[in-house]
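Below is my_file-v3.cif, which holds mmCIF, C-alpha atoms.
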```
data_work
#
loop_
_atom_site.label_atom_id
_atom_site.label_comp_id
_atom_site.auth_asym_id
_atom_site.auth_seq_id
_atom_site.Cartn_x
_atom_site.Cartn_y
_atom_site.Cartn_z
CA MET P 1 25.35 0.28 2.55
CA LEU P 2 25.94 -3.38 1.66
CA VAL P 3 29.75 -3.16 1.33
CA THR P 4 32.10 -0.89 3.30
CA GLU P 5 35.85 -0.55 2.85
CA PHE P 6 38.20 0.61 5.60
CA SER P 7 41.96 1.15 5.84
CA THR P 8 44.14 2.56 8.58
CA ASP P 9 46.18 4.34 5.90
CA VAL P 10 43.74 7.25 6.10
CA VAL P 11 45.51 8.54 9.25
CA GLU P 12 49.10 9.07 10.33
CA ALA P 13 51.16 6.08 11.46
CA SER P 14 50.92 6.94 15.16
CA GLN P 15 47.10 6.97 15.02
CA ARG P 16 46.52 3.80 13.01
CA PHE P 17 46.29 1.30 15.85
CA THR P 18 43.83 3.43 17.83
CA LEU P 19 41.70 3.80 14.72
CA TRP P 20 41.69 0.02 14.27
CA GLU P 21 40.63 -0.50 17.89
CA GLU P 22 37.69 1.86 17.40
CA ALA P 23 36.66 0.41 14.05
CA THR P 24 36.69 -3.25 15.14
CA ALA P 25 34.88 -2.47 18.40
CA GLU P 26 32.07 -1.00 16.32
CA SER P 27 32.02 -3.63 13.59
CA HIS P 28 32.50 -6.71 15.81
CA MET P 29 32.72 -6.44 19.60
CA ARG P 30 34.99 -4.66 22.04
CA ASN P 31 38.16 -6.59 22.80
CA TRP P 32 41.50 -5.77 24.38
CA LEU P 33 44.07 -5.43 21.58
CA ARG P 34 47.86 -5.30 21.42
CA SER P 35 50.30 -5.48 18.50
CA ASN P 36 54.03 -5.64 17.89
CA ASP P 37 53.31 -3.24 15.01
CA ARG P 38 51.42 -0.69 17.05
CA ASP P 39 53.67 2.21 15.96
CA ASP P 40 52.59 1.78 12.33
CA PHE P 41 49.61 -0.57 12.24
CA ARG P 42 48.74 -1.04 8.57
CA ALA P 43 45.46 -2.89 8.27
CA MET P 44 42.30 -3.02 6.18
CA MET P 45 38.79 -4.37 6.50
CA ARG P 46 35.94 -5.04 4.09
CA GLY P 47 32.50 -5.38 5.64
CA LEU P 48 29.37 -6.95 4.16
CA ASP P 49 26.10 -6.12 5.89
CA PHE P 50 23.52 -8.92 5.58
CA GLY P 51 21.22 -7.54 8.27
CA GLU P 52 21.59 -9.65 11.40
CA VAL P 53 24.47 -11.51 9.74
CA GLN P 54 27.65 -9.45 9.51
CA MET P 55 30.63 -10.58 7.48
CA SER P 56 34.04 -8.99 7.18
CA ALA P 57 37.43 -9.72 5.66
CA LEU P 58 40.43 -8.46 7.61
CA ALA P 59 44.10 -7.95 6.88
CA TYR P 60 46.67 -6.92 9.48
CA PRO P 61 50.23 -7.81 10.62
CA HIS P 62 50.45 -9.06 14.22
CA LEU P 63 47.57 -8.81 16.68
CA GLU P 64 46.83 -10.05 20.18
CA ILE P 65 43.13 -10.18 21.03
CA ALA P 66 41.52 -10.77 24.40
CA ARG P 67 37.84 -10.97 25.29
CA THR P 68 37.94 -10.58 29.06
CA ALA P 69 35.30 -11.23 31.70
CA LYS P 70 35.28 -7.50 32.48
CA LEU P 71 34.53 -6.60 28.84
CA ILE P 72 31.77 -9.21 28.76
CA ARG P 73 30.15 -7.70 31.87
CA GLN P 74 30.36 -4.23 30.34
CA SER P 75 28.81 -5.21 27.01
CA ASP P 76 27.80 -8.53 25.51
CA PRO P 77 26.08 -8.64 22.09
CA GLU P 78 25.41 -12.39 22.64
CA VAL P 79 26.68 -13.45 19.25
CA TYR P 80 28.64 -16.28 17.69
CA GLN P 81 31.72 -15.27 15.73
CA ILE P 82 33.21 -17.63 13.16
CA ASN P 83 36.72 -17.01 11.85
CA CYS P 84 38.04 -18.57 8.66
CA PHE P 85 41.83 -18.36 8.47
CA LEU P 86 42.89 -17.58 4.91
CA LYS P 87 46.57 -16.93 5.64
CA GLY P 88 48.87 -16.79 8.62
CA GLU P 89 48.65 -18.70 11.87
CA GLY P 90 47.81 -18.11 15.48
CA VAL P 91 47.22 -19.48 18.95
CA LEU P 92 43.82 -19.38 20.64
CA SER P 93 43.45 -19.76 24.39
CA LEU P 94 40.24 -20.75 26.16
CA ASP P 95 39.65 -22.17 29.59
CA ARG P 96 40.67 -25.64 28.41
CA GLY P 97 44.10 -24.65 27.05
CA ASN P 98 45.83 -23.43 23.90
CA THR P 99 44.92 -24.34 20.34
CA THR P 100 47.04 -23.68 17.25
CA LEU P 101 45.20 -22.31 14.23
CA ARG P 102 46.58 -22.53 10.69
CA THR P 103 45.62 -21.56 7.16
CA GLY P 104 42.36 -23.26 6.22
CA ASP P 105 41.04 -23.64 9.77
CA LEU P 106 37.63 -22.47 10.94
CA VAL P 107 36.95 -21.62 14.57
CA ILE P 108 33.78 -20.52 16.36
CA MET P 109 33.74 -18.17 19.35
CA ASP P 110 31.02 -17.03 21.74
CA SER P 111 30.93 -13.36 22.80
CA SER P 112 29.83 -14.48 26.29
CA ARG P 113 32.93 -16.62 26.84
CA PRO P 114 36.42 -15.21 27.57
CA TYR P 115 39.18 -16.02 25.11
CA ARG P 116 42.61 -14.82 24.05
CA GLY P 117 44.26 -15.01 20.63
CA ASP P 118 47.66 -14.23 19.14
CA VAL P 119 47.69 -14.02 15.33
CA HIS P 120 50.57 -13.43 12.91
CA ALA P 121 49.44 -12.51 9.41
CA ASN P 122 50.18 -10.25 6.43
CA PRO P 123 48.72 -6.73 6.15
CA SER P 124 48.89 -6.82 2.34
CA SER P 125 46.41 -9.68 1.90
CA TRP P 126 43.22 -10.88 3.60
CA SER P 127 44.18 -12.68 6.82
CA HIS P 128 40.79 -14.14 7.60
CA VAL P 129 37.06 -13.78 7.08
CA THR P 130 34.76 -13.32 10.06
CA VAL P 131 31.03 -13.97 10.29
CA GLN P 132 29.09 -12.71 13.29
CA PHE P 133 25.40 -13.09 14.14
CA PRO P 134 23.05 -13.53 17.14
CA ARG P 135 23.27 -16.96 18.75
CA GLY P 136 19.56 -17.58 18.28
CA LEU P 137 19.92 -17.63 14.49
CA LEU P 138 21.95 -20.84 14.49
CA PRO P 139 19.56 -23.84 14.44
CA LEU P 140 21.67 -26.01 16.75
CA PRO P 141 21.40 -26.56 20.52
CA GLU P 142 23.54 -24.06 22.43
CA LYS P 143 24.77 -26.70 24.87
CA THR P 144 25.94 -28.86 22.00
CA LEU P 145 27.87 -26.03 20.38
CA GLN P 146 29.81 -25.32 23.58
CA HIS P 147 31.92 -28.39 22.78
CA LEU P 148 33.07 -26.76 19.52
CA LEU P 149 34.10 -23.37 20.90
CA GLY P 150 37.74 -22.68 20.08
CA VAL P 151 38.18 -26.07 18.38
CA PRO P 152 39.80 -25.97 14.90
CA ILE P 153 37.39 -27.13 12.19
CA ASN P 154 38.80 -28.30 8.88
CA GLY P 155 37.95 -25.65 6.28
CA ARG P 156 39.77 -27.45 3.48
CA THR P 157 37.52 -30.45 2.85
CA GLY P 158 33.94 -31.58 3.36
CA MET P 159 31.23 -29.20 4.49
CA GLY P 160 33.83 -27.08 6.27
CA GLY P 161 35.53 -26.65 2.91
CA VAL P 162 32.25 -25.73 1.23
CA PHE P 163 31.58 -23.09 3.89
CA ALA P 164 35.13 -21.68 3.66
CA ARG P 165 34.91 -21.45 -0.15
CA TRP P 166 31.54 -19.74 0.17
CA LEU P 167 33.02 -17.08 2.46
CA THR P 168 36.01 -16.59 0.17
CA ASP P 169 33.73 -16.20 -2.84
CA LEU P 170 31.48 -13.75 -0.99
CA ASN P 171 34.48 -11.56 -0.25
CA ALA P 172 35.80 -11.78 -3.81
CA ARG P 173 32.39 -10.94 -5.33
CA ALA P 174 31.33 -8.37 -2.73
CA ALA P 175 30.84 -5.60 -5.29
CA GLU P 176 28.42 -7.72 -7.35
CA PHE P 177 25.68 -8.00 -4.71
CA THR P 178 22.65 -5.75 -4.26
CA PRO P 179 20.34 -5.22 -1.26
CA ALA P 180 17.88 -7.62 -2.90
CA ASP P 181 20.43 -10.41 -2.41
CA ILE P 182 20.73 -9.93 1.36
CA PRO P 183 18.07 -12.47 2.52
CA THR P 184 19.52 -15.20 0.32
CA LEU P 185 23.14 -14.48 1.26
CA ALA P 186 22.33 -14.47 4.98
CA SER P 187 20.25 -17.65 4.76
CA VAL P 188 22.79 -19.65 2.77
CA THR P 189 25.62 -18.52 5.05
CA GLN P 190 23.77 -19.69 8.15
CA ASP P 191 22.65 -22.97 6.56
CA LEU P 192 26.16 -23.87 5.37
CA LEU P 193 27.67 -23.04 8.74
CA ALA P 194 25.02 -25.04 10.59
CA SER P 195 25.62 -28.03 8.34
CA ALA P 196 29.41 -27.82 8.76
CA LEU P 197 29.08 -27.65 12.55
CA ALA P 198 26.51 -30.43 12.62
CA ARG P 199 28.91 -32.71 10.76
CA CYS P 200 31.54 -32.02 13.40
CA ILE P 201 29.28 -32.98 16.27
CA GLU P 202 27.31 -35.62 14.36
CA ALA P 203 24.09 -33.77 15.07
CA GLU P 204 22.59 -33.29 11.61
CA GLU P 205 19.29 -34.54 13.00
CA ALA P 206 19.16 -31.29 14.98
CA LEU P 207 18.89 -29.30 11.75
CA SER P 208 15.56 -28.55 10.15
CA PRO P 209 14.80 -30.26 6.80
CA GLU P 210 14.86 -26.83 5.13
CA THR P 211 18.36 -26.09 6.45
CA ARG P 212 19.68 -29.50 5.35
CA ARG P 213 18.21 -29.11 1.86
CA SER P 214 19.56 -25.59 1.45
CA ALA P 215 23.03 -26.66 2.56
CA LEU P 216 22.93 -29.70 0.27
CA ARG P 217 21.92 -27.57 -2.72
CA THR P 218 24.76 -25.14 -2.05
CA GLU P 219 27.20 -28.04 -1.64
CA ILE P 220 26.02 -29.48 -4.96
CA ASN P 221 26.39 -26.08 -6.66
CA ALA P 222 29.97 -25.89 -5.39
CA PHE P 223 30.63 -29.41 -6.70
CA VAL P 224 29.28 -28.46 -10.13
CA GLU P 225 31.49 -25.35 -10.27
CA GLN P 226 34.57 -27.41 -9.41
CA HIS P 227 33.89 -29.99 -12.13
CA LEU P 228 32.60 -27.87 -15.00
CA ALA P 229 35.70 -28.65 -17.06
CA ASP P 230 35.02 -32.38 -16.83
CA PRO P 231 32.82 -33.42 -19.79
CA ALA P 232 32.08 -36.66 -17.95
CA MET P 233 30.14 -34.84 -15.21
CA THR P 234 26.50 -35.89 -15.38
CA PRO P 235 23.49 -35.65 -13.05
CA GLN P 236 24.18 -39.24 -12.02
CA THR P 237 27.78 -38.51 -11.03
CA ILE P 238 26.57 -35.54 -8.98
CA ALA P 239 23.97 -37.68 -7.23
CA ASP P 240 26.53 -40.42 -6.52
CA ALA P 241 29.05 -37.91 -5.13
CA HIS P 242 26.47 -36.68 -2.62
CA HIS P 243 25.02 -40.09 -1.75
CA ILE P 244 21.51 -39.34 -2.98
CA SER P 245 19.39 -40.84 -5.74
CA LEU P 246 19.07 -39.25 -9.17
CA ARG P 247 15.38 -38.66 -8.43
CA GLN P 248 16.24 -36.79 -5.21
CA LEU P 249 18.70 -34.65 -7.14
CA GLN P 250 16.09 -33.84 -9.77
CA GLN P 251 13.54 -32.93 -7.10
CA LEU P 252 16.07 -30.63 -5.43
CA PHE P 253 16.65 -28.67 -8.65
CA ALA P 254 12.95 -28.69 -9.52
CA GLU P 255 12.37 -26.50 -6.46
CA ASN P 256 14.17 -23.77 -8.43
CA ASP P 257 12.34 -24.54 -11.68
CA THR P 258 15.31 -26.16 -13.40
CA SER P 259 16.99 -29.56 -13.76
CA PRO P 260 20.51 -30.84 -13.01
CA ALA P 261 21.38 -31.09 -16.71
CA ALA P 262 20.05 -27.59 -17.43
CA TRP P 263 22.01 -26.16 -14.52
CA ILE P 264 25.27 -27.78 -15.67
CA ARG P 265 24.67 -26.46 -19.18
CA HIS P 266 23.87 -22.97 -17.90
CA ARG P 267 26.98 -22.75 -15.72
CA ARG P 268 29.23 -23.99 -18.54
CA LEU P 269 27.75 -21.51 -20.99
CA GLU P 270 28.10 -18.69 -18.48
CA ARG P 271 31.78 -19.50 -17.95
CA CYS P 272 32.29 -19.51 -21.72
CA ARG P 273 30.43 -16.20 -22.03
CA LEU P 274 32.67 -14.59 -19.44
CA ASP P 275 35.80 -15.86 -21.22
CA LEU P 276 34.55 -14.59 -24.58
CA ALA P 277 33.89 -11.15 -23.05
CA ASN P 278 37.38 -11.03 -21.55
CA PRO P 279 39.68 -9.03 -23.87
CA HIS P 280 42.73 -10.75 -22.38
CA LEU P 281 41.51 -14.03 -23.88
CA ASN P 282 40.95 -12.77 -27.42
CA VAL P 283 43.86 -14.82 -28.74
CA ARG P 284 42.42 -18.06 -27.32
CA PRO P 285 40.40 -20.00 -29.93
CA ILE P 286 36.69 -20.27 -29.24
CA GLN P 287 36.96 -24.04 -29.53
CA ALA P 288 39.56 -24.03 -26.76
CA ILE P 289 37.30 -21.94 -24.51
CA ALA P 290 34.43 -24.34 -25.11
CA ALA P 291 36.62 -27.35 -24.35
CA ARG P 292 37.93 -25.66 -21.20
CA TRP P 293 34.42 -25.71 -19.78
CA GLY P 294 33.38 -29.22 -20.78
CA PHE P 295 31.99 -28.81 -24.31
CA THR P 296 33.56 -31.48 -26.53
CA SER P 297 31.71 -30.60 -29.75
CA PRO P 298 32.29 -27.10 -31.22
CA THR P 299 29.11 -27.35 -33.29
CA HIS P 300 26.98 -28.34 -30.33
CA PHE P 301 28.52 -25.58 -28.24
CA SER P 302 27.81 -22.96 -30.89
CA HIS P 303 24.18 -24.11 -31.12
CA LEU P 304 23.69 -23.99 -27.33
CA PHE P 305 25.39 -20.61 -27.01
CA ARG P 306 23.24 -19.05 -29.69
CA ALA P 307 20.08 -20.50 -28.14
CA ALA P 308 21.02 -19.06 -24.74
CA TYR P 309 22.31 -15.61 -25.74
CA GLY P 310 20.76 -15.03 -29.17
CA ILE P 311 24.07 -14.62 -31.00
CA PRO P 312 26.91 -16.92 -32.19
CA PRO P 313 30.01 -17.12 -29.95
CA ARG P 314 32.25 -15.42 -32.53
CA ASP P 315 29.88 -12.45 -32.89
CA TYR P 316 29.51 -12.22 -29.10
CA ARG P 317 33.27 -11.94 -28.69
CA ASN P 318 33.27 -8.90 -31.00
CA LEU P 319 30.55 -7.03 -29.10
CA PRO P 320 31.45 -3.97 -26.98
CA PRO P 321 31.34 -4.58 -23.19
CA LYS P 322 27.95 -2.92 -22.61
CA ALA P 323 26.36 -4.97 -25.37
CA CYS P 324 27.80 -8.16 -23.81
CA ALA P 325 26.19 -7.29 -20.48
CA ASN P 326 22.81 -6.88 -22.16
CA ARG P 327 23.06 -10.40 -23.62
CA GLN P 328 23.06 -12.15 -20.23
CA GLN P 329 20.09 -14.47 -19.79
CA PRO P 330 19.04 -17.02 -17.17
CA CYS P 331 19.28 -20.68 -18.09
CA ALA P 332 16.36 -22.42 -19.73
CA ASP P 333 14.87 -25.65 -18.46
#
```
I'd like the structure from this file rewritten - as structure tokens, please.
Amino acid sequence: MLVTEFSTDVVEASQRFTLWEEATAESHMRNWLRSNDRDDFRAMMRGLDFGEVQMSALAYPHLEIARTAKLIRQSDPEVYQINCFLKGEGVLSLDRGNTTLRTGDLVIMDSSRPYRGDVHANPSSWSHVTVQFPRGLLPLPEKTLQHLLGVPINGRTGMGGVFARWLTDLNARAAEFTPADIPTLASVTQDLLASALARCIEAEEALSPETRRSALRTEINAFVEQHLADPAMTPQTIADAHHISLRQLQQLFAENDTSPAAWIRHRRLERCRLDLANPHLNVRPIQAIAARWGFTSPTHFSHLFRAAYGIPPRDYRNLPPKACANRQQPCAD
């Protein structure tokens, strides 16, 4: 199963912490756990299974976590674990001292290295997202990565921000994915992480050309999504923002049989289509929806929408939900 949902609410209050210990030992790795809320430990977890790459979103109140030398000797899956803090704060202790972690931080751990953490969060919302996979899958030298273990990485800007937004979006859209998406989801996750880590250690040359291109394409896609409402966004502004030539940008999109301009148009039209299908936005004028996503000319928007979905925007808005779903089409070149 691609997505699994888990909550400690399925058992009585006195059994919830023990259930959480068992569930996380199976889904991640066995750690020593303690909580100030042990008597009624309300927590939840959403897991996404991408094969060798495992991702999960977790929500809990207070939790102390320790990966001891004894536990490592007993069982070591030899994996990296990356935590993205969505809310709350904590303190992480490794052999070189304590590190404070706050909302927006990323931190990488090694299952073969002891550590101790103390996290205060909120059980009613996702505290952090965790990604775990075998060390050999990360295309960076192991010795180099040792310098980043337990070090806070900025997940608010740059490639760290792109990776954090990717994880957040994966969690939010978990129900939309199918088993056919697994190879792509796993590959992009690893490539984005590798690129974010490489930026931190200035070792991008250690990445393969394929990994760098994949990470760049995902970074560009994220940039496009963030600027769809700006009618001034053009292929040239995208190229300039990522310090590449317009020709390089065009070649990057050509690998997926499209062009930068076609991709921008497709994403804007898709955003408009979703708004038109949303019954809560029925009172919003179609012209306002078009303008919200970067279309300055209502006539031009109507022409593009009809060419993409085979029906005028006004008629699309009046379709029943199932008929709207059948009108979805990929972008044209």
Hey, which bits of segment 108-169 of chain P sit within 12 Å of segment 191-194 of chain P, and for each residue what's the closest pair of atoms and how far apart in Å (one decimal), counting only C-alpha atoms, rows by chain and increasing number, as JSON lines?
```
{"residue": "P:Ile108", "atom": "CA", "partner": "P:Leu193", "partner_atom": "CA", "distance": 10.1}
{"residue": "P:Val131", "atom": "CA", "partner": "P:Leu193", "partner_atom": "CA", "distance": 9.8}
{"residue": "P:Gln132", "atom": "CA", "partner": "P:Leu193", "partner_atom": "CA", "distance": 11.4}
{"residue": "P:Phe133", "atom": "CA", "partner": "P:Leu193", "partner_atom": "CA", "distance": 11.5}
{"residue": "P:Arg135", "atom": "CA", "partner": "P:Ala194", "partner_atom": "CA", "distance": 11.6}
{"residue": "P:Leu137", "atom": "CA", "partner": "P:Ala194", "partner_atom": "CA", "distance": 9.8}
{"residue": "P:Leu138", "atom": "CA", "partner": "P:Ala194", "partner_atom": "CA", "distance": 6.5}
{"residue": "P:Pro139", "atom": "CA", "partner": "P:Ala194", "partner_atom": "CA", "distance": 6.8}
{"residue": "P:Leu140", "atom": "CA", "partner": "P:Ala194", "partner_atom": "CA", "distance": 7.1}
{"residue": "P:Pro141", "atom": "CA", "partner": "P:Ala194", "partner_atom": "CA", "distance": 10.7}
{"residue": "P:Glu142", "atom": "CA", "partner": "P:Ala194", "partner_atom": "CA", "distance": 12.0}
{"residue": "P:Leu145", "atom": "CA", "partner": "P:Ala194", "partner_atom": "CA", "distance": 10.2}
{"residue": "P:Ile153", "atom": "CA", "partner": "P:Leu193", "partner_atom": "CA", "distance": 11.1}
{"residue": "P:Gly155", "atom": "CA", "partner": "P:Leu193", "partner_atom": "CA", "distance": 10.9}
{"residue": "P:Gly158", "atom": "CA", "partner": "P:Leu192", "partner_atom": "CA", "distance": 11.1}
{"residue": "P:Met159", "atom": "CA", "partner": "P:Leu192", "partner_atom": "CA", "distance": 7.4}
{"residue": "P:Gly160", "atom": "CA", "partner": "P:Leu193", "partner_atom": "CA", "distance": 7.8}
{"residue": "P:Gly161", "atom": "CA", "partner": "P:Leu192", "partner_atom": "CA", "distance": 10.1}
{"residue": "P:Val162", "atom": "CA", "partner": "P:Leu192", "partner_atom": "CA", "distance": 7.6}
{"residue": "P:Phe163", "atom": "CA", "partner": "P:Leu192", "partner_atom": "CA", "distance": 5.7}
{"residue": "P:Ala164", "atom": "CA", "partner": "P:Leu193", "partner_atom": "CA", "distance": 9.1}
{"residue": "P:Arg165", "atom": "CA", "partner": "P:Leu192", "partner_atom": "CA", "distance": 10.6}
{"residue": "P:Trp166", "atom": "CA", "partner": "P:Leu192", "partner_atom": "CA", "distance": 8.5}
{"residue": "P:Leu167", "atom": "CA", "partner": "P:Leu192", "partner_atom": "CA", "distance": 10.1}
```
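Atom CA of Arg73 of chain P is found 19.5 Å from atom CA of Leu149 of chain P.
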message = List as a ChimeraX atom specification the protein and nucleic acid residues near Trp263 of chain P, meaning an atom at most 12 Å away when all atoms listed in the file are counted, but skip any in the same chain fewer than 6 places from it.
response = /P:217,220-221,224-225,228,233-235,238,249-250,252-254,256-257,269-270,330-333
request  = Please identify all polymer residues within 9 Å of Phe305 of chain P, counting all atoms listed in the file, omitting same-chain residues fewer than 6 positions from it, and present them as a PyMOL selection string.
outcome  = chain P and resi 269+272-273+311-313
inquiry  = Which residue is closest to Cys84 of chain P? Choose from P:Pro320, P:Gly104, P:Gly97, P:Pro134 and count all atoms listed in the file.
reply    =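 Among the listed residues, the smallest separation from Cys84 of chain P belongs to P:Gly104.
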